[in-house]
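Here's run.txt, which has compact mmCIF, C-alpha atoms:
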```txt
# COMPACT_ATOMS: atom_id res chain seq x y z
CA MET A 448 -2.66 -2.11 -18.02
CA SER A 449 -5.19 -2.20 -15.20
CA VAL A 450 -4.79 -1.49 -11.50
CA VAL A 451 -7.39 -2.22 -8.82
CA VAL A 452 -7.01 -0.24 -5.60
CA LEU A 453 -8.29 -1.54 -2.25
CA VAL A 454 -9.11 1.10 0.36
CA SER A 455 -10.76 1.44 3.74
CA GLY A 456 -10.72 5.18 4.46
CA ARG A 457 -9.82 8.62 3.19
CA GLY A 458 -7.84 7.51 0.16
CA SER A 459 -4.93 9.96 0.16
CA ASN A 460 -2.56 7.38 -1.31
CA MET A 461 -5.20 6.46 -3.86
CA GLN A 462 -5.38 10.13 -4.85
CA ALA A 463 -1.60 10.24 -5.21
CA LEU A 464 -1.80 7.27 -7.59
CA LEU A 465 -4.51 8.95 -9.64
CA GLU A 466 -2.67 12.24 -9.79
CA ALA A 467 0.41 10.39 -11.01
CA GLY A 468 -1.58 8.97 -13.91
CA ILE A 469 -1.74 5.36 -12.69
CA PRO A 470 -4.37 3.53 -14.78
CA VAL A 471 -6.81 2.67 -11.98
CA SER A 472 -9.76 0.68 -13.32
CA ALA A 473 -11.60 0.23 -10.02
CA VAL A 474 -11.53 1.18 -6.35
CA ILE A 475 -12.95 -1.38 -3.93
CA SER A 476 -13.52 -0.98 -0.20
CA ASN A 477 -14.57 -3.11 2.73
CA ARG A 478 -16.41 -0.07 4.12
CA ARG A 479 -19.36 1.68 2.49
CA ASP A 480 -18.46 4.96 4.20
CA ALA A 481 -14.89 5.09 2.88
CA ARG A 482 -14.29 8.60 1.59
CA ALA A 483 -12.05 7.22 -1.15
CA LEU A 484 -15.09 5.73 -2.92
CA GLY A 485 -16.62 9.17 -3.45
CA ILE A 486 -13.35 10.59 -4.72
CA ALA A 487 -12.99 7.74 -7.21
CA ALA A 488 -16.61 8.03 -8.37
CA GLN A 489 -16.17 11.75 -9.02
CA ARG A 490 -13.34 10.85 -11.38
CA GLY A 491 -15.49 8.34 -13.23
CA ILE A 492 -13.71 5.30 -11.80
CA ALA A 493 -15.72 2.17 -11.06
CA THR A 494 -16.22 1.47 -7.36
CA GLY A 495 -17.37 -1.48 -5.32
CA VAL A 496 -17.94 -2.53 -1.73
CA VAL A 497 -17.32 -5.94 -0.21
CA ASP A 498 -18.30 -5.46 3.43
CA HIS A 499 -16.29 -7.83 5.61
CA ARG A 500 -19.03 -7.74 8.25
CA ALA A 501 -21.40 -9.52 5.88
CA PHE A 502 -19.34 -12.72 5.79
CA PRO A 503 -19.13 -15.50 8.37
CA SER A 504 -15.37 -15.99 8.04
CA ARG A 505 -12.18 -14.39 6.77
CA ASP A 506 -11.95 -17.00 4.00
CA ALA A 507 -15.48 -16.20 2.81
CA PHE A 508 -14.69 -12.48 2.72
CA ASP A 509 -11.40 -13.07 0.90
CA SER A 510 -13.15 -15.22 -1.71
CA ALA A 511 -15.82 -12.59 -2.35
CA LEU A 512 -13.24 -9.82 -2.49
CA ALA A 513 -11.10 -11.78 -4.95
CA ALA A 514 -14.12 -12.37 -7.18
CA GLU A 515 -14.91 -8.65 -7.20
CA VAL A 516 -11.29 -7.76 -7.97
CA GLU A 517 -11.09 -10.28 -10.82
CA ARG A 518 -14.02 -8.63 -12.58
CA TYR A 519 -11.55 -5.94 -13.66
CA GLU A 520 -8.77 -8.33 -14.76
CA PRO A 521 -6.05 -6.31 -13.00
CA HIS A 522 -2.36 -6.52 -13.71
CA LEU A 523 -1.77 -5.26 -10.16
CA VAL A 524 -3.79 -5.02 -6.94
CA VAL A 525 -2.74 -2.11 -4.74
CA LEU A 526 -3.52 -1.77 -1.04
CA ALA A 527 -3.85 1.94 -0.28
CA GLY A 528 -4.89 2.12 3.34
CA PHE A 529 -6.78 -1.16 3.20
CA MET A 530 -7.27 -2.13 6.84
CA ARG A 531 -7.98 -5.83 6.52
CA ILE A 532 -5.43 -8.64 6.68
CA LEU A 533 -5.65 -10.69 3.51
CA GLY A 534 -5.46 -14.46 3.93
CA ALA A 535 -3.16 -16.85 2.14
CA GLY A 536 -5.87 -17.81 -0.34
CA PHE A 537 -6.27 -14.26 -1.64
CA VAL A 538 -2.52 -13.66 -1.75
CA GLU A 539 -1.89 -16.89 -3.63
CA ARG A 540 -4.62 -16.07 -6.12
CA PHE A 541 -2.81 -12.86 -7.07
CA ALA A 542 0.73 -14.00 -6.28
CA GLY A 543 3.33 -11.41 -7.22
CA ARG A 544 0.63 -8.91 -8.15
CA VAL A 545 -0.33 -7.36 -4.80
CA MET A 546 1.52 -4.30 -3.52
CA ASN A 547 1.14 -2.44 -0.23
CA ILE A 548 2.47 0.72 1.38
CA HIS A 549 3.31 0.54 5.08
CA PRO A 550 4.13 3.53 7.32
CA SER A 551 7.44 2.31 8.73
CA LEU A 552 10.84 1.17 7.55
CA LEU A 553 10.11 -2.53 7.44
CA PRO A 554 11.00 -4.91 8.94
CA ALA A 555 10.79 -2.44 11.84
CA PHE A 556 7.33 -1.80 13.29
CA PRO A 557 4.99 -4.04 11.30
CA GLY A 558 1.31 -3.74 12.14
CA LEU A 559 -0.45 -0.72 13.63
CA HIS A 560 0.51 2.47 15.54
CA THR A 561 3.85 2.67 13.81
CA HIS A 562 4.58 6.33 14.48
CA GLN A 563 3.92 6.09 18.21
CA ARG A 564 6.01 2.94 18.42
CA ALA A 565 8.88 4.57 16.52
CA LEU A 566 8.91 7.50 18.93
CA GLU A 567 8.77 5.21 21.95
CA ALA A 568 11.71 3.22 20.56
CA GLY A 569 13.78 6.39 20.21
CA VAL A 570 14.73 5.81 16.57
CA LYS A 571 16.48 8.65 14.75
CA VAL A 572 14.90 7.95 11.37
CA HIS A 573 11.50 6.65 10.35
CA GLY A 574 9.70 6.33 7.04
CA CYS A 575 7.60 4.15 4.77
CA THR A 576 7.98 0.99 2.72
CA VAL A 577 6.39 -0.21 -0.51
CA HIS A 578 6.43 -3.99 -0.61
CA PHE A 579 4.86 -6.98 -2.29
CA VAL A 580 2.22 -8.70 -0.16
CA THR A 581 2.75 -12.24 1.07
CA ALA A 582 0.91 -14.36 3.61
CA ASP A 583 3.27 -13.01 6.31
CA LEU A 584 1.91 -9.67 7.50
CA ASP A 585 4.11 -6.73 6.42
CA HIS A 586 7.02 -8.99 5.50
CA GLY A 587 6.87 -9.22 1.69
CA PRO A 588 9.76 -8.30 -0.64
CA ILE A 589 10.62 -4.61 -0.32
CA VAL A 590 10.39 -2.49 -3.48
CA VAL A 591 11.45 0.93 -2.17
CA GLN A 592 11.62 2.90 1.06
CA ALA A 593 11.62 6.58 1.95
CA VAL A 594 13.35 7.88 5.07
CA VAL A 595 12.39 10.87 7.18
CA PRO A 596 14.27 12.20 10.22
CA VAL A 597 12.71 12.03 13.66
CA LEU A 598 12.95 15.61 14.91
CA PRO A 599 13.07 17.01 18.45
CA GLY A 600 9.54 17.63 19.70
CA ASP A 601 7.93 15.23 17.24
CA ASP A 602 4.63 13.66 18.19
CA PRO A 603 2.88 10.87 16.25
CA ASP A 604 0.80 13.31 14.18
CA ARG A 605 3.72 15.47 13.06
CA LEU A 606 5.81 12.44 12.26
CA ALA A 607 2.93 10.79 10.42
CA ALA A 608 2.41 13.86 8.25
CA ARG A 609 6.02 13.86 7.07
CA VAL A 610 5.92 10.14 6.38
CA LEU A 611 2.64 10.47 4.46
CA ALA A 612 4.16 13.09 2.18
CA GLN A 613 6.84 10.58 1.22
CA GLU A 614 4.26 7.81 0.76
CA HIS A 615 2.66 9.95 -1.91
CA VAL A 616 6.01 10.10 -3.73
CA VAL A 617 7.23 6.51 -3.57
CA PHE A 618 3.97 4.61 -3.99
CA PRO A 619 3.18 5.87 -7.51
CA ARG A 620 6.83 5.39 -8.43
CA ALA A 621 6.79 1.74 -7.34
CA VAL A 622 3.51 1.04 -9.12
CA ASN A 623 4.88 2.57 -12.33
CA TRP A 624 7.97 0.35 -12.09
CA PHE A 625 5.71 -2.68 -11.88
CA LEU A 626 3.60 -1.60 -14.86
CA GLU A 627 6.78 -0.92 -16.84
CA ASP A 628 7.94 -4.49 -16.05
CA ARG A 629 11.05 -3.20 -14.33
CA LEU A 630 10.76 -5.07 -11.03
CA VAL A 631 12.61 -8.34 -10.56
CA ILE A 632 12.16 -10.53 -7.46
CA GLU A 633 14.97 -12.96 -6.76
CA LYS A 634 15.32 -14.86 -3.49
CA GLY A 635 12.93 -12.48 -1.76
CA ARG A 636 14.74 -9.33 -2.86
CA VAL A 637 13.53 -6.77 -5.39
CA SER A 638 15.68 -4.96 -7.92
CA VAL A 639 14.70 -2.33 -10.47
CA LYS A 640 15.90 -2.94 -14.01
CA GLY A 641 17.94 -0.14 -15.50
CA ASN A 642 17.94 1.99 -12.39
CA ASP A 643 19.53 2.34 -8.96
CA ALA A 644 16.10 3.14 -7.55
CA GLN A 645 16.18 0.40 -4.96
CA LEU A 646 18.06 2.91 -2.81
CA ALA A 647 15.99 4.71 -0.21
CA ILE A 648 14.67 8.17 -0.92
CA SER A 649 15.40 10.66 1.85
CA ASP A 650 13.41 13.57 3.16
CA ARG A 651 15.91 15.96 4.67
CA PRO A 652 14.83 18.43 7.38
```
Represent the supplied structure as C-alpha cells.
Amino acid sequence: MSVVVLVSGRGSNMQALLEAGIPVSAVISNRRDARALGIAAQRGIATGVVDHRAFPSRDAFDSALAAEVERYEPHLVVLAGFMRILGAGFVERFAGRVMNIHPSLLPAFPGLHTHQRALEAGVKVHGCTVHFVTADLDHGPIVVQAVVPVLPGDDPDRLAARVLAQEHVVFPRAVNWFLEDRLVIEKGRVSVKGNDAQLAISDRP
C-alpha cells in the first residue's frame, strides 16, 4: 500500500499519519518552504515540490501535480493542510482515492477561517471532518467526524488547538480504514465495514 501526502505548511497532520504507521511513500508540496518537507526528509521519505506559481493556469498546475503524484503509484492521496483547491481534472484522475481533513463539522463552515466563523455563529459544538474529495469544495462524502465543545471564553486559537488534537486522532484512523478496504461509499454516504465507527468521536471537556 502506498499513500502520497500533499501539504502546504507545518505538517502536523502529516506527522500524525507517520506516527500512526501510515505507509507514506512521498510528501509533495506546492511551497518550497513548507516545514513538512523537512520533517518528511528527515524520516527518509521522498519529497517533491510542484510550485503553483510556476504555472500559467490552475489546469496546468493540476496536471503537473497529478503527474508527480502518479510517480509513486499511490493507493490513496491525502490532503494534510494542502492549501490549494484541486480542479475537477485532478479529482477525476484519482476518483475515490483522495481524502481530506477539514477543521469544521461539514457541511457547516466550508472554506477558510472556520474557527472564527464558528464562534461568530454561536455554535455549541465544533470539530473536524475527514471526507473524500470531490469537485465541490469541502462537500465530498464524509468518512468520520470528531466533535469538541465550544467553551466559555474560547477564542479561535484555543478552539483550533482542541480541534487539531482531534484531527490527529481521526485522520490516521480514516486512512487506515481505507487501506484496510473497509470504507464503502453508497449514494454519497460512507459506511465502515465491520464497525460502528461512522459515529462521531467526542472530545469531552
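Residue nearest Gly600 in chain A, chosen from A:Val617, A:His499, A:Leu566, A:Val538 and counting only C-alpha atoms: A:Leu566.
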key: Separation of CA of His586 in chain A from CA of Arg518 in chain A in Å   = 27.7 Å
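The residue that comes closest to Glu466 in chain A, out of A:Arg478, A:Ile589, A:Asp509, A:Arg490 and on the basis of only C-alpha atoms, is A:Arg490.
As for CA of Gly458 in chain A and CA of Arg544 in chain A, they are spaced 20.3 Å apart.
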message = Using all atoms listed in the file and a cutoff of 12 Å, can you tell me which residues are near (15.1, 14.3, 9.7) in the file's coordinates, and write them out as an NGL selection string?
response = :A and (570-574 or 593-601 or 605-606 or 609-610 or 649-652)
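The residue that comes closest to Val451 in chain A, out of A:Ala487, A:Ser504, A:Ala481, A:Val516 and on the basis of all atoms listed in the file, is A:Val516.
The spacing separating CA of Phe541 in chain A from CA of Leu523 in chain A amounts to 8.3 Å.
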inquiry  = Which polymer residues, whether protein, DNA or RNA, lie within 7 Å of the coordinate (-6.3, -8.6, -2.5) when you count all atoms listed in the file? List them as a ChimeraX atom specification, using the chain letters and numbers from the file.
reply    = /A:513,524,533,537-538,545
Neighbouring residues of Trp624 in chain A were defined as those with any atom within 12 Å, considering all atoms listed in the file; residues of the same chain fewer than 3 positions away were excluded. Please report them as a PDB file with C-alpha atoms, in the frame of the given file.
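Done, and the output landed in out_36.pdb:
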```pdb
ATOM      1  CA  ILE A 469      -1.740   5.360 -12.690  1.00  0.00           C
ATOM      2  CA  LEU A 523      -1.770  -5.260 -10.160  1.00  0.00           C
ATOM      3  CA  MET A 546       1.520  -4.300  -3.520  1.00  0.00           C
ATOM      4  CA  VAL A 577       6.390  -0.210  -0.510  1.00  0.00           C
ATOM      5  CA  VAL A 590      10.390  -2.490  -3.480  1.00  0.00           C
ATOM      6  CA  VAL A 591      11.450   0.930  -2.170  1.00  0.00           C
ATOM      7  CA  VAL A 617       7.230   6.510  -3.570  1.00  0.00           C
ATOM      8  CA  PHE A 618       3.970   4.610  -3.990  1.00  0.00           C
ATOM      9  CA  PRO A 619       3.180   5.870  -7.510  1.00  0.00           C
ATOM     10  CA  ARG A 620       6.830   5.390  -8.430  1.00  0.00           C
ATOM     11  CA  ALA A 621       6.790   1.740  -7.340  1.00  0.00           C
ATOM     12  CA  GLU A 627       6.780  -0.920 -16.840  1.00  0.00           C
ATOM     13  CA  ASP A 628       7.940  -4.490 -16.050  1.00  0.00           C
ATOM     14  CA  ARG A 629      11.050  -3.200 -14.330  1.00  0.00           C
ATOM     15  CA  LEU A 630      10.760  -5.070 -11.030  1.00  0.00           C
ATOM     16  CA  VAL A 631      12.610  -8.340 -10.560  1.00  0.00           C
ATOM     17  CA  VAL A 637      13.530  -6.770  -5.390  1.00  0.00           C
ATOM     18  CA  SER A 638      15.680  -4.960  -7.920  1.00  0.00           C
ATOM     19  CA  VAL A 639      14.700  -2.330 -10.470  1.00  0.00           C
ATOM     20  CA  LYS A 640      15.900  -2.940 -14.010  1.00  0.00           C
ATOM     21  CA  GLY A 641      17.940  -0.140 -15.500  1.00  0.00           C
ATOM     22  CA  ASN A 642      17.940   1.990 -12.390  1.00  0.00           C
ATOM     23  CA  ALA A 644      16.100   3.140  -7.550  1.00  0.00           C
ATOM     24  CA  GLN A 645      16.180   0.400  -4.960  1.00  0.00           C
TER      25      GLN A 645
END
```
Given only C-alpha atoms as the counted atoms, nearest of A:Gly528, A:Gly569, A:Gly491, A:Gly558 to Leu453 in chain A = A:Gly528
For range 551-562 of chain A, supply all heavy atoms and report the output as a PDB file, keeping the file's coordinate frame.
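The result, written out as result07.pdb:
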```pdb
ATOM      1  N   SER A 551       6.219   2.475   7.937  1.00  0.00           N
ATOM      2  CA  SER A 551       7.440   2.310   8.730  1.00  0.00           C
ATOM      3  C   SER A 551       8.518   1.766   7.807  1.00  0.00           C
ATOM      4  O   SER A 551       8.243   1.374   6.673  1.00  0.00           O
ATOM      5  CB  SER A 551       7.237   1.354   9.910  1.00  0.00           C
ATOM      6  OG  SER A 551       7.302   0.000   9.500  1.00  0.00           O
ATOM      7  N   LEU A 552       9.732   1.753   8.298  1.00  0.00           N
ATOM      8  CA  LEU A 552      10.840   1.170   7.550  1.00  0.00           C
ATOM      9  C   LEU A 552      10.908  -0.312   7.891  1.00  0.00           C
ATOM     10  O   LEU A 552      11.626  -0.728   8.797  1.00  0.00           O
ATOM     11  CB  LEU A 552      12.153   1.883   7.895  1.00  0.00           C
ATOM     12  CG  LEU A 552      12.217   3.363   7.503  1.00  0.00           C
ATOM     13  CD1 LEU A 552      13.482   4.002   8.048  1.00  0.00           C
ATOM     14  CD2 LEU A 552      12.138   3.519   5.981  1.00  0.00           C
ATOM     15  N   LEU A 553      10.119  -1.090   7.178  1.00  0.00           N
ATOM     16  CA  LEU A 553      10.110  -2.530   7.440  1.00  0.00           C
ATOM     17  C   LEU A 553      11.514  -3.109   7.266  1.00  0.00           C
ATOM     18  O   LEU A 553      12.289  -2.616   6.439  1.00  0.00           O
ATOM     19  CB  LEU A 553       9.136  -3.221   6.479  1.00  0.00           C
ATOM     20  CG  LEU A 553       7.661  -2.891   6.679  1.00  0.00           C
ATOM     21  CD1 LEU A 553       6.818  -3.520   5.561  1.00  0.00           C
ATOM     22  CD2 LEU A 553       7.163  -3.360   8.036  1.00  0.00           C
ATOM     23  N   PRO A 554      11.863  -4.107   8.072  1.00  0.00           N
ATOM     24  CA  PRO A 554      11.000  -4.910   8.940  1.00  0.00           C
ATOM     25  C   PRO A 554      10.701  -4.311  10.306  1.00  0.00           C
ATOM     26  O   PRO A 554      10.090  -4.966  11.148  1.00  0.00           O
ATOM     27  CB  PRO A 554      11.783  -6.209   9.082  1.00  0.00           C
ATOM     28  CG  PRO A 554      13.204  -5.782   8.989  1.00  0.00           C
ATOM     29  CD  PRO A 554      13.230  -4.679   7.968  1.00  0.00           C
ATOM     30  N   ALA A 555      11.118  -3.073  10.555  1.00  0.00           N
ATOM     31  CA  ALA A 555      10.790  -2.440  11.840  1.00  0.00           C
ATOM     32  C   ALA A 555       9.316  -2.035  11.871  1.00  0.00           C
ATOM     33  O   ALA A 555       8.770  -1.545  10.885  1.00  0.00           O
ATOM     34  CB  ALA A 555      11.660  -1.199  12.049  1.00  0.00           C
ATOM     35  N   PHE A 556       8.681  -2.259  12.995  1.00  0.00           N
ATOM     36  CA  PHE A 556       7.330  -1.800  13.290  1.00  0.00           C
ATOM     37  C   PHE A 556       6.264  -2.257  12.285  1.00  0.00           C
ATOM     38  O   PHE A 556       5.543  -1.445  11.702  1.00  0.00           O
ATOM     39  CB  PHE A 556       7.295  -0.259  13.402  1.00  0.00           C
ATOM     40  CG  PHE A 556       8.370   0.299  14.274  1.00  0.00           C
ATOM     41  CD1 PHE A 556       9.301   1.197  13.759  1.00  0.00           C
ATOM     42  CD2 PHE A 556       8.482  -0.068  15.610  1.00  0.00           C
ATOM     43  CE1 PHE A 556      10.308   1.709  14.560  1.00  0.00           C
ATOM     44  CE2 PHE A 556       9.485   0.440  16.413  1.00  0.00           C
ATOM     45  CZ  PHE A 556      10.409   1.335  15.887  1.00  0.00           C
ATOM     46  N   PRO A 557       6.136  -3.550  12.067  1.00  0.00           N
ATOM     47  CA  PRO A 557       4.990  -4.040  11.300  1.00  0.00           C
ATOM     48  C   PRO A 557       3.706  -3.822  12.106  1.00  0.00           C
ATOM     49  O   PRO A 557       3.756  -3.599  13.319  1.00  0.00           O
ATOM     50  CB  PRO A 557       5.293  -5.522  11.122  1.00  0.00           C
ATOM     51  CG  PRO A 557       6.130  -5.868  12.313  1.00  0.00           C
ATOM     52  CD  PRO A 557       6.971  -4.647  12.577  1.00  0.00           C
ATOM     53  N   GLY A 558       2.577  -3.894  11.428  1.00  0.00           N
ATOM     54  CA  GLY A 558       1.310  -3.740  12.140  1.00  0.00           C
ATOM     55  C   GLY A 558       0.892  -2.289  12.311  1.00  0.00           C
ATOM     56  O   GLY A 558       1.227  -1.425  11.492  1.00  0.00           O
ATOM     57  N   LEU A 559       0.181  -2.019  13.409  1.00  0.00           N
ATOM     58  CA  LEU A 559      -0.450  -0.720  13.630  1.00  0.00           C
ATOM     59  C   LEU A 559       0.380   0.184  14.544  1.00  0.00           C
ATOM     60  O   LEU A 559       1.359  -0.233  15.134  1.00  0.00           O
ATOM     61  CB  LEU A 559      -1.844  -0.922  14.234  1.00  0.00           C
ATOM     62  CG  LEU A 559      -2.823  -1.768  13.412  1.00  0.00           C
ATOM     63  CD1 LEU A 559      -4.113  -1.988  14.187  1.00  0.00           C
ATOM     64  CD2 LEU A 559      -3.109  -1.117  12.058  1.00  0.00           C
ATOM     65  N   HIS A 560      -0.055   1.464  14.624  1.00  0.00           N
ATOM     66  CA  HIS A 560       0.510   2.470  15.540  1.00  0.00           C
ATOM     67  C   HIS A 560       2.009   2.638  15.341  1.00  0.00           C
ATOM     68  O   HIS A 560       2.786   2.773  16.291  1.00  0.00           O
ATOM     69  CB  HIS A 560       0.201   2.093  16.992  1.00  0.00           C
ATOM     70  CG  HIS A 560      -1.234   1.756  17.243  1.00  0.00           C
ATOM     71  ND1 HIS A 560      -2.259   2.658  17.017  1.00  0.00           N
ATOM     72  CD2 HIS A 560      -1.829   0.603  17.675  1.00  0.00           C
ATOM     73  CE1 HIS A 560      -3.414   2.086  17.305  1.00  0.00           C
ATOM     74  NE2 HIS A 560      -3.176   0.842  17.697  1.00  0.00           N
ATOM     75  N   THR A 561       2.417   2.664  14.103  1.00  0.00           N
ATOM     76  CA  THR A 561       3.850   2.670  13.810  1.00  0.00           C
ATOM     77  C   THR A 561       4.558   3.927  14.271  1.00  0.00           C
ATOM     78  O   THR A 561       5.703   3.868  14.740  1.00  0.00           O
ATOM     79  CB  THR A 561       4.085   2.491  12.293  1.00  0.00           C
ATOM     80  OG1 THR A 561       3.440   3.565  11.599  1.00  0.00           O
ATOM     81  CG2 THR A 561       3.519   1.163  11.818  1.00  0.00           C
ATOM     82  N   HIS A 562       3.907   5.077  14.141  1.00  0.00           N
ATOM     83  CA  HIS A 562       4.580   6.330  14.480  1.00  0.00           C
ATOM     84  C   HIS A 562       4.783   6.452  15.995  1.00  0.00           C
ATOM     85  O   HIS A 562       5.858   6.859  16.457  1.00  0.00           O
ATOM     86  CB  HIS A 562       3.784   7.514  13.937  1.00  0.00           C
ATOM     87  CG  HIS A 562       3.435   7.350  12.484  1.00  0.00           C
ATOM     88  ND1 HIS A 562       4.384   7.169  11.505  1.00  0.00           N
ATOM     89  CD2 HIS A 562       2.229   7.306  11.859  1.00  0.00           C
ATOM     90  CE1 HIS A 562       3.786   7.034  10.328  1.00  0.00           C
ATOM     91  NE2 HIS A 562       2.481   7.107  10.528  1.00  0.00           N
TER      92      HIS A 562
END
```
